[in-house]
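So this one's structure.txt, compact mmCIF, C-alpha atoms:
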# COMPACT_ATOMS: atom_id res chain seq x y z
CA MET A 1 119.18 94.87 100.52
CA ASN A 2 116.54 92.19 101.04
CA GLY A 3 115.80 90.85 97.55
CA ALA A 4 112.60 89.06 98.50
CA ASP A 5 111.10 92.11 100.19
CA THR A 6 112.17 94.33 97.31
CA ALA A 7 110.50 92.06 94.78
CA PHE A 8 107.37 91.98 96.93
CA VAL A 9 107.17 95.77 97.08
CA LEU A 10 107.77 96.15 93.33
CA ILE A 11 105.04 93.62 92.55
CA SER A 12 102.73 95.36 95.02
CA ALA A 13 103.41 98.69 93.30
CA ALA A 14 102.37 97.15 89.98
CA LEU A 15 99.18 95.83 91.59
CA VAL A 16 98.35 99.27 92.98
CA MET A 17 98.96 100.79 89.55
CA LEU A 18 96.33 98.40 88.15
CA MET A 19 93.78 99.82 90.59
CA THR A 20 93.53 103.14 88.73
CA PRO A 21 92.55 101.53 85.39
CA GLY A 22 90.30 99.21 87.41
CA LEU A 23 88.68 102.25 88.98
CA ALA A 24 88.27 103.74 85.50
CA LEU A 25 86.31 100.68 84.38
CA PHE A 26 84.29 100.57 87.60
CA TYR A 27 83.26 104.19 87.22
CA GLY A 28 83.08 104.01 83.42
CA GLY A 29 80.45 101.30 83.47
CA MET A 30 78.32 103.26 85.94
CA VAL A 31 77.87 106.37 83.79
CA ARG A 32 75.76 106.90 80.72
CA VAL A 33 77.33 105.78 77.47
CA LYS A 34 77.67 109.31 76.09
CA SER A 35 80.30 110.16 78.73
CA ALA A 36 81.90 106.75 79.31
CA LEU A 37 85.25 107.64 77.73
CA ASN A 38 85.43 110.88 79.65
CA MET A 39 85.01 108.90 82.86
CA LEU A 40 87.86 106.59 81.88
CA MET A 41 90.05 109.54 81.00
CA MET A 42 89.44 111.26 84.35
CA SER A 43 91.26 108.35 85.99
CA PHE A 44 93.96 107.94 83.36
CA ILE A 45 94.93 111.62 83.45
CA SER A 46 95.55 111.27 87.17
CA LEU A 47 98.17 108.61 86.43
CA GLY A 48 99.83 110.99 84.00
CA ILE A 49 99.76 114.17 86.06
CA VAL A 50 100.45 112.83 89.55
CA SER A 51 103.27 110.52 88.44
CA VAL A 52 105.19 113.55 87.13
CA LEU A 53 104.35 115.72 90.15
CA TRP A 54 105.48 112.95 92.49
CA VAL A 55 108.97 112.88 90.97
CA LEU A 56 109.27 116.66 90.71
CA TYR A 57 108.28 117.51 94.27
CA GLY A 58 105.48 115.28 95.60
CA TYR A 59 107.67 112.64 97.20
CA SER A 60 109.79 115.31 98.84
CA LEU A 61 106.77 117.13 100.28
CA ALA A 62 105.25 113.88 101.55
CA PHE A 63 108.33 112.05 102.82
CA GLY A 64 111.08 114.65 103.03
CA THR A 65 112.49 115.81 106.36
CA ASP A 66 109.64 117.02 108.53
CA THR A 67 108.85 120.71 108.89
CA GLY A 68 106.64 121.47 111.88
CA GLY A 69 104.74 118.18 111.62
CA LEU A 70 102.84 119.50 108.59
CA ILE A 71 104.94 119.05 105.45
CA GLY A 72 108.19 117.59 104.19
CA SER A 73 111.16 119.60 103.01
CA LEU A 74 112.16 120.16 99.39
CA GLU A 75 115.42 118.28 99.75
CA HIS A 76 114.39 115.59 97.25
CA ILE A 77 113.09 117.74 94.39
CA GLY A 78 113.42 115.66 91.25
CA LEU A 79 114.36 112.78 93.59
CA SER A 80 117.72 114.45 94.16
CA GLY A 81 119.88 112.83 96.81
CA ILE A 82 118.33 109.38 96.33
CA GLY A 83 120.81 106.97 94.80
CA THR A 84 119.97 103.65 93.21
CA GLU A 85 121.58 101.77 96.09
CA ALA A 86 120.03 103.84 98.89
CA LEU A 87 117.91 101.74 101.26
CA THR A 88 115.00 102.72 103.48
CA GLY A 89 115.84 103.27 107.10
CA GLY A 90 113.55 100.56 108.48
CA ASP A 91 114.07 96.84 108.97
CA GLU A 92 112.69 96.03 105.52
CA GLY A 93 115.92 96.72 103.61
CA ILE A 94 114.36 97.82 100.32
CA PRO A 95 115.64 100.48 97.93
CA VAL A 96 114.23 103.94 98.58
CA LEU A 97 113.27 104.07 94.90
CA ALA A 98 111.04 101.01 95.39
CA PHE A 99 109.26 102.84 98.20
CA VAL A 100 109.02 105.96 96.01
CA LEU A 101 107.36 103.91 93.27
CA PHE A 102 104.98 102.19 95.67
CA GLN A 103 103.83 105.45 97.22
CA LEU A 104 103.55 107.07 93.78
CA MET A 105 100.76 104.64 92.94
CA PHE A 106 98.83 105.69 96.06
CA ALA A 107 99.23 109.33 95.11
CA ALA A 108 97.96 108.73 91.56
CA LEU A 109 94.94 106.71 92.66
CA THR A 110 93.66 109.12 95.30
CA PRO A 111 92.60 112.06 93.05
CA ALA A 112 91.09 109.58 90.60
CA LEU A 113 88.76 108.36 93.35
CA MET A 114 87.13 111.79 93.41
CA SER A 115 86.27 111.70 89.70
CA GLY A 116 83.18 109.55 90.21
CA ALA A 117 81.49 112.28 92.24
CA LEU A 118 81.81 114.75 89.34
CA ALA A 119 80.86 112.41 86.51
CA ASP A 120 79.07 113.76 83.42
CA ARG A 121 79.48 117.50 84.02
CA VAL A 122 82.98 118.99 84.34
CA LYS A 123 85.47 120.27 81.79
CA PHE A 124 88.33 117.85 81.25
CA SER A 125 90.94 120.63 81.32
CA ALA A 126 89.44 122.00 84.54
CA TRP A 127 89.57 118.53 86.10
CA ALA A 128 93.24 118.22 85.15
CA LEU A 129 93.99 121.58 86.76
CA PHE A 130 92.00 120.70 89.87
CA ILE A 131 93.80 117.42 90.54
CA THR A 132 97.17 119.11 89.94
CA LEU A 133 96.37 121.63 92.65
CA TRP A 134 94.64 119.11 94.90
CA ALA A 135 97.51 116.63 94.88
CA THR A 136 99.94 119.44 95.69
CA VAL A 137 98.00 121.27 98.40
CA VAL A 138 95.93 118.47 99.92
CA TYR A 139 97.26 114.96 99.26
CA PHE A 140 101.00 115.51 99.68
CA PRO A 141 100.65 117.30 103.05
CA VAL A 142 98.11 114.81 104.43
CA ALA A 143 100.29 111.88 103.37
CA HIS A 144 103.09 113.50 105.35
CA TRP A 145 100.86 113.94 108.41
CA VAL A 146 99.89 110.28 108.41
CA TRP A 147 102.91 108.28 107.19
CA ALA A 148 106.07 110.33 107.50
CA GLU A 149 108.19 110.36 110.62
CA GLY A 150 107.53 113.70 112.27
CA GLY A 151 104.08 114.10 110.73
CA TRP A 152 101.71 115.19 113.49
CA LEU A 153 99.25 112.31 113.05
CA PHE A 154 102.14 109.85 112.79
CA GLU A 155 103.52 111.15 116.07
CA LEU A 156 100.03 111.03 117.61
CA GLU A 157 100.11 107.30 116.78
CA VAL A 158 96.99 107.35 114.64
CA ILE A 159 96.69 103.95 112.99
CA ASP A 160 96.29 104.17 109.23
CA PHE A 161 98.07 101.17 107.81
CA ALA A 162 97.29 101.71 104.14
CA GLY A 163 95.22 104.84 103.62
CA GLY A 164 91.90 105.18 105.43
CA THR A 165 92.59 108.83 106.23
CA ALA A 166 95.16 109.90 103.64
CA VAL A 167 93.41 108.20 100.73
CA HIS A 168 89.73 107.44 101.30
CA ILE A 169 88.54 110.04 103.81
CA ASN A 170 90.71 112.60 102.05
CA ALA A 171 89.28 111.83 98.60
CA GLY A 172 85.72 111.34 99.82
CA VAL A 173 85.40 114.67 101.58
CA GLY A 174 87.36 116.44 98.84
CA ALA A 175 84.87 115.10 96.32
CA LEU A 176 81.99 116.38 98.43
CA ALA A 177 83.48 119.88 98.49
CA ALA A 178 83.98 119.87 94.72
CA VAL A 179 80.42 118.64 94.14
CA LEU A 180 79.01 121.50 96.19
CA VAL A 181 80.93 123.98 94.04
CA VAL A 182 80.15 122.41 90.66
CA GLY A 183 76.48 121.71 91.31
CA LYS A 184 74.05 119.06 90.17
CA ARG A 185 73.85 117.32 86.81
CA ILE A 186 71.14 118.40 84.42
CA GLY A 187 68.17 116.16 85.19
CA PHE A 188 69.36 115.05 88.62
CA LYS A 189 66.44 113.43 90.48
CA ARG A 190 64.26 113.83 87.36
CA GLU A 191 65.80 111.74 84.59
CA PRO A 192 66.96 108.10 84.68
CA MET A 193 70.76 107.89 84.74
CA ARG A 194 71.38 104.16 84.91
CA PRO A 195 74.75 102.41 84.43
CA HIS A 196 75.33 101.69 80.77
CA SER A 197 77.41 98.53 81.38
CA LEU A 198 77.18 96.49 84.57
CA PRO A 199 79.69 93.93 83.22
CA LEU A 200 82.27 96.76 83.07
CA VAL A 201 81.39 97.70 86.64
CA VAL A 202 81.98 94.15 87.86
CA LEU A 203 85.20 93.88 85.85
CA GLY A 204 86.42 97.13 87.38
CA ALA A 205 85.49 95.99 90.88
CA ALA A 206 87.33 92.71 90.32
CA LEU A 207 90.48 94.54 89.20
CA LEU A 208 90.23 96.82 92.22
CA TRP A 209 89.89 93.81 94.52
CA PHE A 210 92.89 92.15 92.88
CA GLY A 211 95.03 95.27 93.02
CA TRP A 212 94.00 95.98 96.60
CA PHE A 213 96.13 93.08 97.81
CA GLY A 214 99.11 95.12 96.67
CA PHE A 215 97.63 98.25 98.21
CA ASN A 216 97.07 96.66 101.62
CA ALA A 217 99.52 93.79 101.98
CA GLY A 218 102.22 95.75 100.15
CA SER A 219 102.05 98.44 102.83
CA ALA A 220 103.91 96.02 105.11
CA LEU A 221 106.90 96.75 102.82
CA GLY A 222 108.02 93.16 103.11
CA ALA A 223 106.96 89.57 102.57
CA ASN A 224 106.19 88.89 106.21
CA GLY A 225 103.48 87.99 108.71
CA THR A 226 101.97 91.47 108.69
CA ALA A 227 101.54 91.26 104.92
CA ALA A 228 99.90 87.85 105.25
CA THR A 229 97.54 89.13 107.94
CA MET A 230 96.61 92.14 105.84
CA ALA A 231 96.03 90.02 102.74
CA LEU A 232 93.74 87.60 104.58
CA ASN A 233 91.80 90.40 106.25
CA THR A 234 91.43 92.20 102.93
CA GLN A 235 89.74 89.13 101.48
CA VAL A 236 87.35 88.35 104.31
CA ALA A 237 86.35 91.96 105.01
CA THR A 238 85.49 92.45 101.35
CA ALA A 239 83.47 89.26 101.32
CA ALA A 240 81.54 90.30 104.42
CA ALA A 241 80.85 93.75 102.98
CA ILE A 242 79.27 92.21 99.88
CA LEU A 243 76.96 90.23 102.11
CA GLY A 244 76.13 93.26 104.24
CA TRP A 245 75.35 95.45 101.23
CA LEU A 246 73.17 92.81 99.59
CA LEU A 247 71.34 92.15 102.86
CA TYR A 248 70.47 95.83 103.18
CA GLU A 249 69.37 95.96 99.54
CA ARG A 250 67.15 92.92 99.93
CA ILE A 251 65.48 94.30 103.06
CA ARG A 252 65.21 97.89 101.84
CA HIS A 253 64.66 97.47 98.10
CA GLY A 254 63.62 93.86 97.56
CA ALA A 255 66.47 92.80 95.26
CA PHE A 256 70.09 91.65 95.24
CA THR A 257 71.68 93.85 92.56
CA THR A 258 74.91 93.30 90.67
CA LEU A 259 75.84 96.93 91.19
CA GLY A 260 75.24 96.48 94.90
CA ALA A 261 77.57 93.49 95.06
CA ALA A 262 80.33 95.36 93.23
CA SER A 263 79.86 98.46 95.36
CA GLY A 264 79.79 96.41 98.56
CA ALA A 265 83.13 94.90 97.62
CA VAL A 266 84.66 98.34 97.23
CA ALA A 267 83.15 99.49 100.54
CA GLY A 268 84.73 96.53 102.32
CA LEU A 269 88.09 97.17 100.69
CA VAL A 270 87.97 100.80 101.78
CA ALA A 271 87.03 100.01 105.37
CA ILE A 272 89.68 97.35 105.97
CA THR A 273 92.47 99.50 104.51
CA PRO A 274 93.38 101.44 107.68
CA ALA A 275 92.63 98.63 110.11
CA GLY A 276 93.59 95.30 108.59
CA ALA A 277 97.05 94.92 110.07
CA HIS A 278 95.77 95.43 113.62
CA VAL A 279 92.68 93.20 113.76
CA ASN A 280 92.20 89.46 113.49
CA ALA A 281 90.13 87.77 110.80
CA VAL A 282 86.92 87.91 112.87
CA GLY A 283 87.45 91.63 113.44
CA ALA A 284 87.94 92.05 109.69
CA ILE A 285 84.61 90.32 109.05
CA VAL A 286 82.90 92.69 111.50
CA ILE A 287 84.46 95.73 109.83
CA GLY A 288 83.40 94.50 106.40
CA LEU A 289 79.85 93.71 107.46
CA VAL A 290 79.40 97.10 109.13
CA ALA A 291 80.84 98.87 106.09
CA GLY A 292 78.55 97.01 103.71
CA LEU A 293 75.44 97.88 105.69
CA ALA A 294 76.41 101.47 106.48
CA CYS A 295 77.67 102.41 103.03
CA SER A 296 74.60 100.90 101.37
CA TRP A 297 72.49 103.16 103.54
CA ALA A 298 74.78 106.17 103.10
CA VAL A 299 74.45 106.33 99.31
CA SER A 300 70.83 107.40 99.69
CA LEU A 301 71.77 110.51 101.65
CA LYS A 302 72.46 112.52 98.52
CA TYR A 303 68.76 112.44 97.64
CA ARG A 304 67.73 113.58 101.10
CA LEU A 305 70.44 116.21 101.44
CA GLY A 306 70.39 117.34 97.82
CA TYR A 307 74.03 117.00 96.74
CA ASP A 308 74.76 115.24 93.44
CA ASP A 309 77.55 112.76 94.12
CA SER A 310 77.17 110.96 90.80
CA LEU A 311 78.78 107.61 91.62
CA ASP A 312 78.65 107.73 95.43
CA VAL A 313 82.23 108.53 96.29
CA VAL A 314 81.04 110.12 99.53
CA GLY A 315 78.83 107.20 100.52
CA VAL A 316 81.52 104.58 99.85
CA HIS A 317 84.94 106.17 100.34
CA LEU A 318 84.24 108.79 102.98
CA VAL A 319 81.84 106.67 105.04
CA GLY A 320 83.84 103.47 104.54
CA GLY A 321 87.09 105.23 105.41
CA VAL A 322 85.62 106.66 108.63
CA ILE A 323 84.22 103.26 109.63
CA GLY A 324 87.53 101.50 109.18
CA THR A 325 89.52 104.27 110.85
CA LEU A 326 87.31 104.33 113.93
CA LEU A 327 86.71 100.59 114.30
CA VAL A 328 90.41 99.87 114.51
CA GLY A 329 90.26 101.68 117.85
CA VAL A 330 87.57 99.26 118.99
CA LEU A 331 88.66 95.97 117.42
CA ALA A 332 92.46 96.18 117.39
CA THR A 333 94.22 93.24 119.04
CA GLY A 334 97.49 93.01 120.94
CA GLY A 335 96.62 95.70 123.44
CA VAL A 336 96.46 98.43 120.79
CA GLY A 337 92.73 99.19 120.92
CA GLY A 338 90.75 101.00 123.57
CA LEU A 339 89.19 104.38 124.29
CA THR A 340 92.53 106.18 124.07
CA GLN A 341 93.24 104.74 120.64
CA LEU A 342 89.67 105.43 119.54
CA GLY A 343 90.16 109.07 120.47
CA LYS A 344 93.35 109.21 118.43
CA GLN A 345 91.56 107.61 115.48
CA ALA A 346 88.74 110.14 115.69
CA ALA A 347 91.25 112.99 115.82
CA GLY A 348 92.93 111.69 112.70
CA ALA A 349 89.71 111.11 110.78
CA PHE A 350 88.02 114.41 111.57
CA SER A 351 91.11 116.59 111.23
CA VAL A 352 91.69 115.23 107.73
CA MET A 353 88.00 115.76 106.94
CA ALA A 354 88.08 119.39 108.05
CA PHE A 355 91.32 120.23 106.26
CA SER A 356 90.47 118.42 103.03
CA PHE A 357 86.95 119.84 102.81
CA ALA A 358 88.03 123.44 103.38
CA VAL A 359 91.00 123.39 101.02
CA SER A 360 89.21 121.33 98.34
CA TRP A 361 86.31 123.79 98.35
CA ILE A 362 88.71 126.71 97.93
CA LEU A 363 90.57 124.96 95.11
CA ALA A 364 87.33 124.09 93.31
CA LYS A 365 86.20 127.72 93.62
CA LEU A 366 89.57 128.87 92.27
CA VAL A 367 89.41 126.55 89.27
CA ASP A 368 85.85 127.64 88.58
CA ALA A 369 86.84 131.31 88.69
CA VAL A 370 89.91 130.90 86.50
CA VAL A 371 88.84 128.46 83.77
CA GLY A 372 85.27 127.47 84.63
CA PHE A 373 84.84 124.04 86.21
CA ARG A 374 81.45 123.15 84.76
CA ALA A 375 80.94 121.91 81.20
CA SER A 376 78.53 123.89 79.05
CA GLU A 377 74.90 122.84 79.07
CA ASP A 378 75.12 121.76 75.42
CA ASP A 379 78.21 119.63 76.03
CA GLU A 380 76.71 118.04 79.13
CA THR A 381 73.48 117.22 77.30
CA ALA A 382 75.18 115.83 74.19
CA GLY A 383 77.84 113.97 76.11
CA LEU A 384 81.39 114.78 77.13
CA ASP A 385 83.03 112.13 74.97
CA GLN A 386 82.49 114.02 71.74
CA ALA A 387 82.99 117.44 73.34
CA TYR A 388 86.40 116.78 74.91
CA HIS A 389 87.77 113.63 73.31
CA ALA A 390 86.23 113.60 69.79
CA GLU A 391 85.41 109.91 70.27
CA THR A 392 82.59 107.63 71.33
CA ALA A 393 82.81 104.54 73.47
CA TYR A 394 80.84 102.33 71.10
CA ASP A 395 80.18 102.33 67.35
CA PHE A 396 76.44 101.85 66.82
CA SER A 397 76.51 102.44 63.07
CA ALA A 398 76.31 98.73 62.33
CA VAL A 399 73.02 98.40 64.22
CA GLY A 400 71.51 101.74 63.28
CA GLY A 401 71.13 104.96 65.24
CA SER A 402 73.66 107.58 66.23
CA PRO A 403 75.88 107.35 69.30
CA ALA A 404 74.23 110.47 70.65
CA SER A 405 70.75 108.99 70.45
CA ARG A 406 71.95 105.79 72.04
CA GLY A 407 73.77 107.71 74.77
CA ALA A 408 70.58 109.42 75.87
CA ALA A 409 69.07 106.05 76.72
CA GLY A 410 71.88 104.68 78.89
CA GLY A 411 73.43 105.64 82.15
CA HIS A 412 73.16 105.73 85.87
CA ASP A 413 69.70 105.86 87.43
CA ASP A 414 69.71 108.85 89.76
CA SER A 415 66.05 109.73 89.40
CA ALA A 416 64.24 111.42 92.27
CA ALA A 417 63.02 108.13 93.63
CA ALA A 418 65.94 105.83 93.00
CA SER A 419 69.21 105.03 94.66
CA PRO A 420 71.82 104.08 92.04
CA PHE A 421 72.22 100.85 93.99
CA ALA A 422 68.56 99.90 93.88
CA LYS A 423 67.79 99.43 90.20
CA GLY A 424 64.31 98.43 89.25
CA THR A 425 62.89 99.32 92.66
CA ASP A 426 62.40 103.06 92.30
CA LYS A 427 59.06 103.16 94.06
CA LYS A 428 60.58 101.76 97.23
CA VAL A 429 63.17 104.48 97.78
CA ASP A 430 62.46 107.78 99.50
CA ALA A 431 62.45 110.73 97.11
If you convert what's in this file into C-alpha cells, what do you get?
Amino acid sequence: MNGADTAFVLISAALVMLMTPGLALFYGGMVRVKSALNMLMMSFISLGIVSVLWVLYGYSLAFGTDTGGLIGSLEHIGLSGIGTEALTGGDEGIPVLAFVLFQLMFAALTPALMSGALADRVKFSAWALFITLWATVVYFPVAHWVWAEGGWLFELEVIDFAGGTAVHINAGVGALAAVLVVGKRIGFKREPMRPHSLPLVVLGAALLWFGWFGFNAGSALGANGTAATMALNTQVATAAAILGWLLYERIRHGAFTTLGAASGAVAGLVAITPAGAHVNAVGAIVIGLVAGLACSWAVSLKYRLGYDDSLDVVGVHLVGGVIGTLLVGVLATGGVGGLTQLGKQAAGAFSVMAFSFAVSWILAKLVDAVVGFRASEDDETAGLDQAYHAETAYDFSAVGGSPASRGAAGGHDDSAAASPFAKGTDKKVDA
C-alpha cells in the first residue's frame, strides 16, 4: 500500500463530499425563500439514499466484473469480497475501500445536480423515489460504461477523466427529461422568481470550486503529476469561464452580475472535468472560456424552447459537459487528440445523452403514475418548506410579517423577459 496516495484519495473523497452541501447552498440561494429548505434537502437526501445504495449494490453494478460491456456483476453486494487490506489492481496501490469511498461521493453528487432543474414544484417523497430509481438504472450502468474495465465506452477509449459524461451530461439530460414530465412552475415566464440570497449562491459556488479539486485531481488516484496537472487546469479553466460568462453578460445584457460570475465558475468546472488531465494549461483556458460563453448563452434557451429548467442544470451541466467532452478530442496533447479521438468523444457524449434521456423520462413517468411527481398547486404556491418539512428558512417574526408573505417576494427571476443570469436587465432579453 502507498500511504501517501491513500491519504490523498481519502482527502479527495472528503472534498468531493463537501461538493453536495456546496451544491445545496448554490441552488438554495437561487430559489425563492419559501422553498429554500426544500432545495437544500433535495441535495442532502441524495447523500443519504445513494450512500446506502452504493454499499448495497451500486459499487458492484458500477465496478464489478463486466457483463457484456453494459453493467457490472453482483459479486460485491454489500461490499462482500472486499477486505480491508485489498488493494486496487493499478499502480496506485490504494485500498479498494478508499476507491469505493471516493466513487461513492461521485454517485451521491450526480442525482443532486438534477434537483436544480425541478426546484419549487415536486413532492419530496417523489424526488426521493426518483433518485433511488435513477441512480440504480441510469447512473450505476453509465459509470460502468465509462470507468470500469470492460465497459463499452472504456474499451472504446473515450476520455472522461472525472465525469463529463457519467456525471454532467448524464445529470443534465436526465434533468431535462424529468422537467418535460413534471411541467412548468406556476407563474413561469409571468412572475419574477429571483434568487433570494446571492451571498448563499456565491458561498455555494466557492465550496463547489474548493471541493472540485478533490473531484478532478483526486481522480488521478495518487499524489502525482497527473493530479497536479488536473488541479492547475481546474483552476485556470474555472477562472477563464468566469471571464467568458461575464463578457457575454456585459455584451448581451449590459451588466456583470454576481450570479453570472458564480454560474460561470460552475460552467468552467464542469467543462474541464473530462478533459483536464489531457490538455495543457492554455488548452484549459480555451475550454473554460468557451464554456463560459456557450453556457451563458445556453441558459436562455429555456425561454425560447419553453421548458422550465428552474436553475439551468441543462444550460450549465449538459452544455458544459458536452463542450469539455468534445474539446478534449481537439485540444488533447501528447498525440491523443485528433479526428479519431473526437469521433470517440462524440460517441460517448451522445450515447449517454440518448440513454439517460430515454430512461430518465420513463422513470419520471413511472414516479408520476405511482405517487404523483408534482406538488399540489396549494403547496407550490405557499412554498414547499412548510408543506414537506414543517420549517422555514428564516424567522421574520422579529421584523414583522409572516414567512409566507416574505417568501412571495423573493426568489429566482424567470419572468418571460428575463434570463436568471441577467438580473435587472429584463427588457434586453428575448421573451
| said: Given all atoms listed in the file as the basis, pick out the residue of A:Ala349, A:Ala112, A:Ile77, A:Ala14 nearest to Met42 of chain A. | reply: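 The shortest atom-to-atom distance to Met42 of chain A comes from A:Ala112.
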Return as JSON the centre and edge lengths, in Å with one decimal, of the box along x, y and z that encloses every atom of segment 134-148 of chain A in the file, padded by 4 Å per side.
{"center_x": 100.4, "center_y": 114.8, "center_z": 101.6, "size_x": 19.4, "size_y": 21.0, "size_z": 21.5}
| query | Using all atoms listed in the file, which of the listed residues (A:Leu221, A:Ala240, A:Ile131, A:Val142) sits closest to Ala175 of chain A? | reply | A:Ile131
| Hey, can you check how far atom CA of Ser351 of chain A sits from atom CA of Ser300 of chain A? |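 Atom CA of Ser351 of chain A sits 25.1 Å away from atom CA of Ser300 of chain A.
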| Which one of A:Leu311, A:Leu339, A:Met230, A:Ala294 sits closest to Arg185 of chain A if you count only C-alpha atoms? |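 Ranking A:Leu311, A:Leu339, A:Met230, A:Ala294 by distance to Arg185 of chain A, first place goes to A:Leu311.
Omitting segment 393-398 of chain A and its sequence neighbours fewer than 6 positions away, and counting only C-alpha atoms, the residues within 8 Å are Val33, Lys34, Ala36, Leu37, Asp385 and Arg406 of chain A.
The spacing separating atom CA of Phe124 of chain A from atom CA of Val367 of chain A amounts to 11.9 Å.
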| message | Measuring between all atoms listed in the file, which one of A:Val182, A:Leu118, A:Met353, A:Leu10 shows the shortest distance to Leu104 of chain A? | response |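 Of the candidates, the smallest distance to Leu104 of chain A is held by A:Leu10.
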| said: Need the shell around Gly68 of chain A: protein/DNA/RNA residues with any atom at most 10 Å away, counting only C-alpha atoms. Skip same-chain ones fewer than 6 positions apart. Format as a PyMOL selection string? | reply: chain A and resi 150-152
Can you tell me, as a PDB file with C-alpha atoms, in the frame of the given file, what residues are no more than 9 Å from Leu318 of chain A when counting only C-alpha atoms, ignoring any on the same chain fewer than 3 positions away?
ATOM      1  CA  GLY A 164      91.900 105.180 105.430  1.00  0.00           C
ATOM      2  CA  THR A 165      92.590 108.830 106.230  1.00  0.00           C
ATOM      3  CA  HIS A 168      89.730 107.440 101.300  1.00  0.00           C
ATOM      4  CA  ILE A 169      88.540 110.040 103.810  1.00  0.00           C
ATOM      5  CA  ASN A 170      90.710 112.600 102.050  1.00  0.00           C
ATOM      6  CA  ALA A 171      89.280 111.830  98.600  1.00  0.00           C
ATOM      7  CA  GLY A 172      85.720 111.340  99.820  1.00  0.00           C
ATOM      8  CA  VAL A 173      85.400 114.670 101.580  1.00  0.00           C
ATOM      9  CA  VAL A 270      87.970 100.800 101.780  1.00  0.00           C
ATOM     10  CA  VAL A 313      82.230 108.530  96.290  1.00  0.00           C
ATOM     11  CA  VAL A 314      81.040 110.120  99.530  1.00  0.00           C
ATOM     12  CA  GLY A 315      78.830 107.200 100.520  1.00  0.00           C
ATOM     13  CA  GLY A 321      87.090 105.230 105.410  1.00  0.00           C
ATOM     14  CA  VAL A 322      85.620 106.660 108.630  1.00  0.00           C
ATOM     15  CA  ILE A 323      84.220 103.260 109.630  1.00  0.00           C
ATOM     16  CA  MET A 353      88.000 115.760 106.940  1.00  0.00           C
TER      17      MET A 353
END
| query | Which is closer to Gly334 of chain A than all the others in A:Ala277, A:Leu53, A:Ala143, A:Leu61, using all atoms listed in the file? | reply |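 Of the candidates, the smallest distance to Gly334 of chain A is held by A:Ala277.
Picture a line from atom CA of Lys123 of chain A to atom CA of Tyr388 of chain A; it runs 7.8 Å.
If all atoms listed in the file are the atoms counted, then among A:Val158, A:Met19, A:Ala261, A:Ala255 the closest residue to Gly329 of chain A is A:Val158.
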